[in-house]
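*Asks:* coords20.cif is reproduced below (mmCIF, C-alpha atoms).
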data_data
loop_
_atom_site.group_PDB
_atom_site.id
_atom_site.type_symbol
_atom_site.label_atom_id
_atom_site.label_comp_id
_atom_site.auth_asym_id
_atom_site.auth_seq_id
_atom_site.Cartn_x
_atom_site.Cartn_y
_atom_site.Cartn_z
ATOM 1 C CA MET X 600 47.295 -77.904 156.431
ATOM 2 C CA SER X 601 47.127 -75.556 159.438
ATOM 3 C CA THR X 602 47.409 -77.051 162.896
ATOM 4 C CA ASP X 603 44.019 -75.619 163.940
ATOM 5 C CA TYR X 604 42.336 -77.098 160.881
ATOM 6 C CA SER X 605 44.044 -80.471 161.417
ATOM 7 C CA ARG X 606 42.791 -80.549 164.989
ATOM 8 C CA ALA X 607 39.279 -79.521 163.958
ATOM 9 C CA LEU X 608 39.277 -82.232 161.273
ATOM 10 C CA GLY X 609 40.529 -84.729 163.828
ATOM 11 C CA ALA X 610 37.772 -83.734 166.238
ATOM 12 C CA ARG X 611 35.176 -84.378 163.510
ATOM 13 C CA LEU X 612 36.724 -87.775 162.752
ATOM 14 C CA ARG X 613 36.679 -88.673 166.454
ATOM 15 C CA ALA X 614 33.070 -87.494 166.844
ATOM 16 C CA ILE X 615 31.898 -89.648 163.924
ATOM 17 C CA ARG X 616 33.796 -92.663 165.266
ATOM 18 C CA ASN X 617 32.348 -92.147 168.737
ATOM 19 C CA GLN X 618 28.811 -91.716 167.352
ATOM 20 C CA GLN X 619 29.203 -95.149 165.813
ATOM 21 C CA GLY X 620 30.319 -96.599 169.126
ATOM 22 C CA LEU X 621 33.744 -97.596 167.849
ATOM 23 C CA SER X 622 37.036 -97.482 169.681
ATOM 24 C CA LEU X 623 40.218 -97.017 167.681
ATOM 25 C CA GLN X 624 40.809 -100.752 168.000
ATOM 26 C CA GLY X 625 37.199 -101.306 166.923
ATOM 27 C CA VAL X 626 37.884 -99.389 163.704
ATOM 28 C CA GLU X 627 40.881 -101.592 163.007
ATOM 29 C CA ASP X 628 38.899 -104.749 163.751
ATOM 30 C CA LYS X 629 35.815 -103.723 161.745
ATOM 31 C CA SER X 630 37.979 -102.762 158.756
ATOM 32 C CA HIS X 631 39.903 -106.061 158.977
ATOM 33 C CA GLY X 632 43.156 -104.131 159.398
ATOM 34 C CA ARG X 633 42.536 -101.679 156.544
ATOM 35 C CA TRP X 634 42.515 -98.797 159.057
ATOM 36 C CA LYS X 635 45.200 -99.138 161.708
ATOM 37 C CA ALA X 636 44.251 -97.797 165.138
ATOM 38 C CA VAL X 637 47.498 -95.834 165.424
ATOM 39 C CA VAL X 638 46.943 -94.133 162.043
ATOM 40 C CA VAL X 639 43.312 -93.196 162.728
ATOM 41 C CA GLY X 640 44.340 -91.934 166.178
ATOM 42 C CA SER X 641 47.033 -89.742 164.656
ATOM 43 C CA TYR X 642 44.473 -88.308 162.192
ATOM 44 C CA GLU X 643 42.148 -87.583 165.120
ATOM 45 C CA ARG X 644 44.863 -85.819 167.114
ATOM 46 C CA GLY X 645 45.868 -83.777 164.075
ATOM 47 C CA ASP X 646 49.377 -85.222 164.253
ATOM 48 C CA ARG X 647 49.210 -86.696 160.765
ATOM 49 C CA ALA X 648 47.902 -85.124 157.551
ATOM 50 C CA VAL X 649 45.143 -87.053 155.824
ATOM 51 C CA THR X 650 44.900 -86.992 152.035
ATOM 52 C CA VAL X 651 41.646 -86.293 150.253
ATOM 53 C CA GLN X 652 41.682 -89.874 148.974
ATOM 54 C CA ARG X 653 42.067 -91.340 152.470
ATOM 55 C CA LEU X 654 39.438 -88.970 153.850
ATOM 56 C CA SER X 655 37.038 -90.132 151.145
ATOM 57 C CA GLU X 656 37.789 -93.767 151.999
ATOM 58 C CA LEU X 657 37.193 -93.073 155.699
ATOM 59 C CA ALA X 658 33.843 -91.483 154.841
ATOM 60 C CA VAL X 659 32.855 -94.628 152.934
ATOM 61 C CA PHE X 660 34.008 -96.803 155.857
ATOM 62 C CA TYR X 661 31.946 -94.745 158.330
ATOM 63 C CA GLY X 662 29.008 -94.556 155.907
ATOM 64 C CA VAL X 663 28.790 -90.751 155.976
ATOM 65 C CA PRO X 664 29.206 -88.047 153.333
ATOM 66 C CA VAL X 665 32.735 -86.594 153.158
ATOM 67 C CA SER X 666 31.257 -83.207 154.091
ATOM 68 C CA GLU X 667 30.359 -84.615 157.526
ATOM 69 C CA LEU X 668 34.031 -85.248 158.205
ATOM 70 C CA LEU X 669 35.080 -81.694 157.372
ATOM 71 C CA PRO X 670 35.057 -79.046 160.092
ATOM 72 C CA ASP X 671 32.775 -76.052 159.715
ATOM 73 C CA PRO X 672 34.835 -73.285 158.076
ATOM 74 C CA ARG X 673 32.906 -70.475 159.801
ATOM 75 C CA PRO X 674 35.062 -69.078 162.616
ATOM 76 C CA SER X 675 32.165 -68.393 164.968
ATOM 77 C CA SER X 676 30.764 -71.920 164.722
ATOM 78 C CA ALA X 677 33.132 -73.362 167.319
ATOM 79 C CA VAL X 678 31.928 -70.946 169.991
ATOM 80 C CA THR X 679 28.270 -71.074 169.013
ATOM 81 C CA SER X 680 28.032 -74.841 168.854
ATOM 82 C CA THR X 681 29.664 -75.388 172.246
ATOM 83 C CA THR X 682 28.049 -72.570 174.214
ATOM 84 C CA LYS X 683 25.845 -74.077 176.920
ATOM 85 C CA ILE X 684 22.672 -72.464 178.164
ATOM 86 C CA VAL X 685 21.285 -73.710 181.471
ATOM 87 C CA LEU X 686 17.515 -73.637 181.900
ATOM 88 C CA ASN X 687 15.902 -73.694 185.341
ATOM 89 C CA LEU X 688 13.250 -76.406 184.937
ATOM 90 C CA GLU X 689 11.637 -75.693 188.303
ATOM 91 C CA SER X 690 10.811 -72.136 187.183
ATOM 92 C CA LEU X 691 9.691 -73.442 183.802
ATOM 93 C CA GLY X 692 7.242 -75.798 185.495
ATOM 94 C CA SER X 693 5.555 -72.938 187.317
ATOM 95 C CA LEU X 694 4.826 -70.903 184.184
ATOM 96 C CA PRO X 695 1.468 -70.884 182.361
ATOM 97 C CA ALA X 696 1.318 -73.477 179.571
ATOM 98 C CA ASP X 697 0.089 -70.941 177.007
ATOM 99 C CA GLU X 698 3.376 -69.017 177.335
ATOM 100 C CA ALA X 699 5.915 -71.698 178.169
ATOM 101 C CA GLY X 700 4.308 -74.731 176.512
ATOM 102 C CA PRO X 701 6.632 -74.883 173.483
ATOM 103 C CA LEU X 702 9.733 -74.537 175.671
ATOM 104 C CA ALA X 703 8.428 -77.135 178.132
ATOM 105 C CA ARG X 704 7.776 -79.632 175.316
ATOM 106 C CA TYR X 705 11.216 -78.951 173.813
ATOM 107 C CA ALA X 706 12.922 -79.420 177.199
ATOM 108 C CA SER X 707 10.925 -82.595 177.851
ATOM 109 C CA THR X 708 12.018 -84.035 174.513
ATOM 110 C CA ILE X 709 15.677 -83.297 175.249
ATOM 111 C CA GLN X 710 15.340 -84.862 178.704
ATOM 112 C CA ALA X 711 13.846 -88.010 177.171
ATOM 113 C CA GLN X 712 16.611 -88.246 174.573
ATOM 114 C CA ARG X 713 19.276 -87.871 177.256
ATOM 115 C CA HIS X 714 17.462 -89.983 179.868
ATOM 116 C CA ASP X 715 18.059 -87.002 182.172
ATOM 117 C CA TYR X 716 15.237 -86.536 184.630
ATOM 118 C CA ASN X 717 16.856 -84.613 187.499
ATOM 119 C CA GLY X 718 14.130 -82.013 187.019
ATOM 120 C CA LYS X 719 16.117 -79.012 188.236
ATOM 121 C CA VAL X 720 18.229 -77.753 185.326
ATOM 122 C CA LEU X 721 18.808 -78.621 181.692
ATOM 123 C CA SER X 722 21.712 -77.560 179.486
ATOM 124 C CA ILE X 723 20.926 -76.706 175.889
ATOM 125 C CA ARG X 724 23.096 -75.360 173.068
ATOM 126 C CA ALA X 725 22.916 -71.910 171.501
ATOM 127 C CA GLU X 726 21.582 -73.641 168.368
ATOM 128 C CA ASP X 727 18.650 -74.950 170.441
ATOM 129 C CA LEU X 728 17.918 -71.401 171.538
ATOM 130 C CA LYS X 729 17.815 -70.307 167.895
ATOM 131 C CA SER X 730 15.344 -73.099 167.100
ATOM 132 C CA LEU X 731 13.188 -72.093 170.049
ATOM 133 C CA ALA X 732 13.261 -68.461 168.891
ATOM 134 C CA ILE X 733 11.789 -69.586 165.575
ATOM 135 C CA ILE X 734 9.039 -71.460 167.421
ATOM 136 C CA TYR X 735 8.294 -68.358 169.504
ATOM 137 C CA ASP X 736 8.495 -66.116 166.409
ATOM 138 C CA MET X 737 11.082 -63.778 167.905
ATOM 139 C CA SER X 738 14.811 -63.178 167.697
ATOM 140 C CA PRO X 739 17.146 -65.239 169.896
ATOM 141 C CA ASP X 740 17.989 -62.079 171.873
ATOM 142 C CA GLU X 741 14.294 -61.350 172.459
ATOM 143 C CA LEU X 742 13.720 -64.933 173.595
ATOM 144 C CA THR X 743 16.737 -64.747 175.893
ATOM 145 C CA SER X 744 15.280 -61.626 177.541
ATOM 146 C CA ARG X 745 11.919 -63.339 177.905
ATOM 147 C CA LEU X 746 13.493 -66.410 179.497
ATOM 148 C CA ILE X 747 15.347 -64.217 181.966
ATOM 149 C CA GLU X 748 12.072 -62.426 182.836
ATOM 150 C CA TRP X 749 10.406 -65.790 183.392
ATOM 151 C CA GLY X 750 13.271 -66.909 185.663
ATOM 152 C CA VAL X 751 14.038 -69.844 183.378
ATOM 153 C CA LEU X 752 17.412 -68.462 182.336
ATOM 154 C CA SER X 753 19.988 -67.055 184.713
ATOM 155 C CA PRO X 754 20.376 -63.267 184.670
ATOM 156 C CA GLY X 755 23.592 -62.306 182.929
ATOM 157 C CA MET X 756 23.050 -64.605 179.943
ATOM 158 C CA GLU X 757 22.209 -61.710 177.601
ATOM 159 C CA GLY X 758 24.063 -61.943 174.317
ATOM 160 C CA ILE X 759 24.471 -65.703 174.539
ATOM 161 C CA ALA X 760 22.466 -66.218 171.361
ATOM 162 C CA GLY X 761 25.180 -64.378 169.503
ATOM 163 C CA GLY X 762 27.748 -66.945 170.599
ATOM 164 C CA GLU X 763 29.589 -65.049 173.327
ATOM 165 C CA ASP X 764 31.432 -67.433 175.587
ATOM 166 C CA GLU X 765 30.539 -67.355 179.272
ATOM 167 C CA ASP X 766 33.286 -68.405 181.657
ATOM 168 C CA GLU X 767 31.461 -67.878 184.933
ATOM 169 C CA GLU X 768 29.494 -70.646 186.570
ATOM 170 C CA ILE X 769 25.718 -70.477 186.534
ATOM 171 C CA ASN X 770 23.812 -70.902 189.767
ATOM 172 C CA PRO X 771 20.879 -73.279 189.135
ATOM 173 C CA ASN X 772 19.056 -71.914 192.206
ATOM 174 C CA TRP X 773 18.363 -68.400 190.948
ATOM 175 C CA GLU X 774 14.928 -66.939 191.615
ATOM 176 C CA ARG X 775 12.434 -65.520 189.168
ATOM 177 C CA ARG X 776 12.641 -61.708 189.018
ATOM 178 C CA ARG X 777 9.266 -60.965 187.476
ATOM 179 C CA SER X 778 6.165 -62.932 186.715
ATOM 180 C CA PRO X 779 5.562 -63.937 183.076
ATOM 181 C CA ARG X 780 3.911 -61.518 180.673
#
Let me see whether you can do it: turn the structure in this file into structure tokens.

*Replies:*
Amino acid sequence: MSTDYSRALGARLRAIRNQQGLSLQGVEDKSHGRWKAVVVGSYERGDRAVTVQRLSELAVFYGVPVSELLPDPRPSSAVTSTTKIVLNLESLGSLPADEAGPLARYASTIQAQRHDYNGKVLSIRAEDLKSLAIIYDMSPDELTSRLIEWGVLSPGMEGIAGGEDEDEEINPNWERRRSPR
């Protein structure tokens, strides 16, 4: 098994464990010693190869399909799923509801789920942008351009829907360049 794949598999195992609110010791305790903390930790770090049989048993223990434990084989998925997009909520609040209503409702739902009510900026994933593009009946690139025009998305975020990684910091205090269409 390649080192990259082992690490990606380990990251999936860790994510599932964390979603269930379990520490490594918690896994050992809940399994009554069936899964040793040191062994599960070594799987998660990618230091130890896990057999298909053991992976299947872990899936049963966690109560998830085996496919949920496997990393996504598509090479671009790692960049796309971790790319953050920062929305300026103050600009969003000043837009007409007929244009920005779907985005405002989407952002409000995410804020409620996260219990994040700072009201200034909100980070979303590239996958969220793709979902919003479907709601707006346009391509992710078209929606990105529209959000930049509205001042909701920082200028320079073009191409983010395609999964390009941005290393520069985003200033949450940018100003709207043009009024909405």

*Asks:* Show me as a list of chain:residue names the residues that reach within 10 Å of (13.3, -68.0, 177.1), counting all atoms listed in the file and using the file's own coordinates.

*Replies:*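 Output: X:Leu686, X:Leu691, X:Glu698, X:Ala699, X:Leu702, X:Leu728, X:Leu731, X:Ala732, X:Tyr735, X:Pro739, X:Asp740, X:Glu741, X:Leu742, X:Thr743, X:Ser744, X:Arg745, X:Leu746, X:Ile747, X:Glu748, X:Trp749, X:Gly750, X:Val751, X:Leu752.
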
*Asks:* Near X:Ser630, within 12 Å and counting all atoms listed in the file, which residues show up once chain neighbours fewer than 5 positions away are dropped, as a list in words?

*Replies:*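 Once the nearby chain positions are removed, what remains is Leu621, Leu623, Gln624, Gly625, Lys635, Ala636, Val639, Glu656, Leu657, Val659, Phe660 and Tyr661 of chain X.
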
*Asks:* Which residues, written as a list in words, have at least one atom at most 12 Å from X:Val663, with all atoms listed in the file counted and residues fewer than 4 positions away on the same chain left out?

*Replies:*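 The residues satisfying every condition are Arg611, Leu612, Ile615, Arg616, Gln618, Gln619, Leu654, Ser655, Glu656, Leu657, Ala658, Val659, Glu667, Leu668 and Leu669 of chain X.
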
*Asks:* Report, in Å with one decimal, the straight-line distance from atom CA of X:Ser753 to atom CA of X:Ala711.

*Replies:*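 Computed distance, atom CA of X:Ser753 to atom CA of X:Ala711, equals 23.1 Å.
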
*Asks:* Separation of atom CA of X:Lys683 and atom CA of X:Arg724, in Å?

*Replies:*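 Atom CA of X:Arg724 lies at a distance of 4.9 Å from atom CA of X:Lys683.
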
*Asks:* Let me make sure I understand: among X:Thr708, X:Glu627, X:Trp634, X:Gly640, which one has the smallest atom-to-atom distance to X:Ala610 if we use all atoms listed in the file?

*Replies:*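 Going through X:Thr708, X:Glu627, X:Trp634, X:Gly640 one by one, the smallest distance to X:Ala610 is for X:Gly640.
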
*Asks:* Show which residues sit within 10 Å of stretch 604-606 of chain X, as a PyMOL selection string. Count all atoms listed in the file, and ignore same-chain residues fewer than 5 positions away.

*Replies:* chain X and resi 611-612+642-649+669-672

*Asks:* Please, could you write that set of residues out with C-alpha atoms as a PDB file, in the coordinates of the input?

*Replies:*
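Writing the result to result-v4.pdb gives the following:
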ATOM      1  CA  ARG X 611      35.176 -84.378 163.510  1.00  0.00           C
ATOM      2  CA  LEU X 612      36.724 -87.775 162.752  1.00  0.00           C
ATOM      3  CA  TYR X 642      44.473 -88.308 162.192  1.00  0.00           C
ATOM      4  CA  GLU X 643      42.148 -87.583 165.120  1.00  0.00           C
ATOM      5  CA  ARG X 644      44.863 -85.819 167.114  1.00  0.00           C
ATOM      6  CA  GLY X 645      45.868 -83.777 164.075  1.00  0.00           C
ATOM      7  CA  ASP X 646      49.377 -85.222 164.253  1.00  0.00           C
ATOM      8  CA  ARG X 647      49.210 -86.696 160.765  1.00  0.00           C
ATOM      9  CA  ALA X 648      47.902 -85.124 157.551  1.00  0.00           C
ATOM     10  CA  VAL X 649      45.143 -87.053 155.824  1.00  0.00           C
ATOM     11  CA  LEU X 669      35.080 -81.694 157.372  1.00  0.00           C
ATOM     12  CA  PRO X 670      35.057 -79.046 160.092  1.00  0.00           C
ATOM     13  CA  ASP X 671      32.775 -76.052 159.715  1.00  0.00           C
ATOM     14  CA  PRO X 672      34.835 -73.285 158.076  1.00  0.00           C
TER      15      PRO X 672
END

*Asks:* Apply the PyMOL selection byres ((chain X and resi 688) around 12) to the structure shown and report the selected residues as number ranges by chain.

*Replies:* X: 685-687, 689-694, 699, 702-707, 710, 715-723, 746, 749-753, 771-775

*Asks:* Could you state the separation of atom CA of X:Val638 and atom CA of X:Thr650 in Å, given to one decimal place?

*Replies:*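 A separation of 12.5 Å between them.
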
*Asks:* Please supply stretch 645-668 of chain X, rebuilt with N, CA, C and O atoms, as an mmCIF file, in the frame of the given file.

*Replies:*
data_model
loop_
_atom_site.group_PDB
_atom_site.id
_atom_site.type_symbol
_atom_site.label_atom_id
_atom_site.label_comp_id
_atom_site.auth_asym_id
_atom_site.auth_seq_id
_atom_site.Cartn_x
_atom_site.Cartn_y
_atom_site.Cartn_z
ATOM 1 N N GLY X 645 45.328 -84.805 164.966
ATOM 2 C CA GLY X 645 45.868 -83.777 164.075
ATOM 3 C C GLY X 645 47.371 -83.885 163.928
ATOM 4 O O GLY X 645 48.016 -82.958 163.448
ATOM 5 N N ASP X 646 47.931 -85.010 164.336
ATOM 6 C CA ASP X 646 49.377 -85.222 164.253
ATOM 7 C C ASP X 646 49.822 -85.654 162.869
ATOM 8 O O ASP X 646 50.998 -85.585 162.544
ATOM 9 N N ARG X 647 48.886 -86.157 162.075
ATOM 10 C CA ARG X 647 49.210 -86.696 160.765
ATOM 11 C C ARG X 647 48.228 -86.137 159.747
ATOM 12 O O ARG X 647 47.026 -86.151 159.972
ATOM 13 N N ALA X 648 48.758 -85.663 158.618
ATOM 14 C CA ALA X 648 47.902 -85.124 157.551
ATOM 15 C C ALA X 648 47.187 -86.272 156.850
ATOM 16 O O ALA X 648 47.770 -87.331 156.611
ATOM 17 N N VAL X 649 45.922 -86.049 156.535
ATOM 18 C CA VAL X 649 45.143 -87.053 155.824
ATOM 19 C C VAL X 649 44.909 -86.550 154.400
ATOM 20 O O VAL X 649 44.555 -85.381 154.205
ATOM 21 N N THR X 650 45.122 -87.402 153.425
ATOM 22 C CA THR X 650 44.900 -86.992 152.035
ATOM 23 C C THR X 650 43.406 -86.993 151.737
ATOM 24 O O THR X 650 42.610 -87.623 152.455
ATOM 25 N N VAL X 651 43.049 -86.321 150.677
ATOM 26 C CA VAL X 651 41.646 -86.293 150.253
ATOM 27 C C VAL X 651 41.178 -87.717 149.944
ATOM 28 O O VAL X 651 40.059 -88.098 150.311
ATOM 29 N N GLN X 652 42.027 -88.485 149.307
ATOM 30 C CA GLN X 652 41.682 -89.874 148.974
ATOM 31 C C GLN X 652 41.386 -90.687 150.234
ATOM 32 O O GLN X 652 40.389 -91.384 150.319
ATOM 33 N N ARG X 653 42.263 -90.591 151.224
ATOM 34 C CA ARG X 653 42.067 -91.340 152.470
ATOM 35 C C ARG X 653 40.841 -90.843 153.236
ATOM 36 O O ARG X 653 40.113 -91.630 153.831
ATOM 37 N N LEU X 654 40.621 -89.532 153.187
ATOM 38 C CA LEU X 654 39.438 -88.970 153.850
ATOM 39 C C LEU X 654 38.172 -89.517 153.194
ATOM 40 O O LEU X 654 37.210 -89.886 153.875
ATOM 41 N N SER X 655 38.175 -89.579 151.882
ATOM 42 C CA SER X 655 37.038 -90.132 151.145
ATOM 43 C C SER X 655 36.816 -91.595 151.513
ATOM 44 O O SER X 655 35.676 -92.043 151.702
ATOM 45 N N GLU X 656 37.895 -92.357 151.624
ATOM 46 C CA GLU X 656 37.789 -93.767 151.999
ATOM 47 C C GLU X 656 37.276 -93.926 153.435
ATOM 48 O O GLU X 656 36.485 -94.836 153.724
ATOM 49 N N LEU X 657 37.705 -93.035 154.325
ATOM 50 C CA LEU X 657 37.193 -93.073 155.699
ATOM 51 C C LEU X 657 35.696 -92.775 155.729
ATOM 52 O O LEU X 657 34.949 -93.398 156.481
ATOM 53 N N ALA X 658 35.265 -91.822 154.912
ATOM 54 C CA ALA X 658 33.843 -91.483 154.841
ATOM 55 C C ALA X 658 33.029 -92.702 154.398
ATOM 56 O O ALA X 658 31.970 -92.994 154.969
ATOM 57 N N VAL X 659 33.530 -93.416 153.389
ATOM 58 C CA VAL X 659 32.855 -94.628 152.934
ATOM 59 C C VAL X 659 32.826 -95.664 154.062
ATOM 60 O O VAL X 659 31.785 -96.277 154.331
ATOM 61 N N PHE X 660 33.945 -95.846 154.751
ATOM 62 C CA PHE X 660 34.008 -96.803 155.857
ATOM 63 C C PHE X 660 32.983 -96.465 156.939
ATOM 64 O O PHE X 660 32.275 -97.345 157.434
ATOM 65 N N TYR X 661 32.894 -95.170 157.298
ATOM 66 C CA TYR X 661 31.946 -94.745 158.330
ATOM 67 C C TYR X 661 30.518 -94.638 157.805
ATOM 68 O O TYR X 661 29.580 -94.508 158.582
ATOM 69 N N GLY X 662 30.351 -94.651 156.483
ATOM 70 C CA GLY X 662 29.008 -94.556 155.907
ATOM 71 C C GLY X 662 28.414 -93.162 156.008
ATOM 72 O O GLY X 662 27.204 -93.015 156.206
ATOM 73 N N VAL X 663 29.254 -92.138 155.893
ATOM 74 C CA VAL X 663 28.790 -90.751 155.976
ATOM 75 C C VAL X 663 29.318 -89.977 154.772
ATOM 76 O O VAL X 663 30.336 -90.359 154.188
ATOM 77 N N PRO X 664 28.659 -88.883 154.401
ATOM 78 C CA PRO X 664 29.206 -88.047 153.333
ATOM 79 C C PRO X 664 30.537 -87.425 153.779
ATOM 80 O O PRO X 664 30.736 -87.153 154.968
ATOM 81 N N VAL X 665 31.442 -87.212 152.843
ATOM 82 C CA VAL X 665 32.735 -86.594 153.158
ATOM 83 C C VAL X 665 32.529 -85.266 153.876
ATOM 84 O O VAL X 665 33.267 -84.928 154.800
ATOM 85 N N SER X 666 31.503 -84.524 153.482
ATOM 86 C CA SER X 666 31.257 -83.207 154.091
ATOM 87 C C SER X 666 31.030 -83.302 155.593
ATOM 88 O O SER X 666 31.301 -82.351 156.323
ATOM 89 N N GLU X 667 30.560 -84.439 156.085
ATOM 90 C CA GLU X 667 30.359 -84.615 157.526
ATOM 91 C C GLU X 667 31.679 -84.739 158.280
ATOM 92 O O GLU X 667 31.729 -84.523 159.481
ATOM 93 N N LEU X 668 32.724 -85.114 157.565
ATOM 94 C CA LEU X 668 34.031 -85.248 158.205
ATOM 95 C C LEU X 668 34.790 -83.929 158.260
ATOM 96 O O LEU X 668 35.726 -83.779 159.030
#
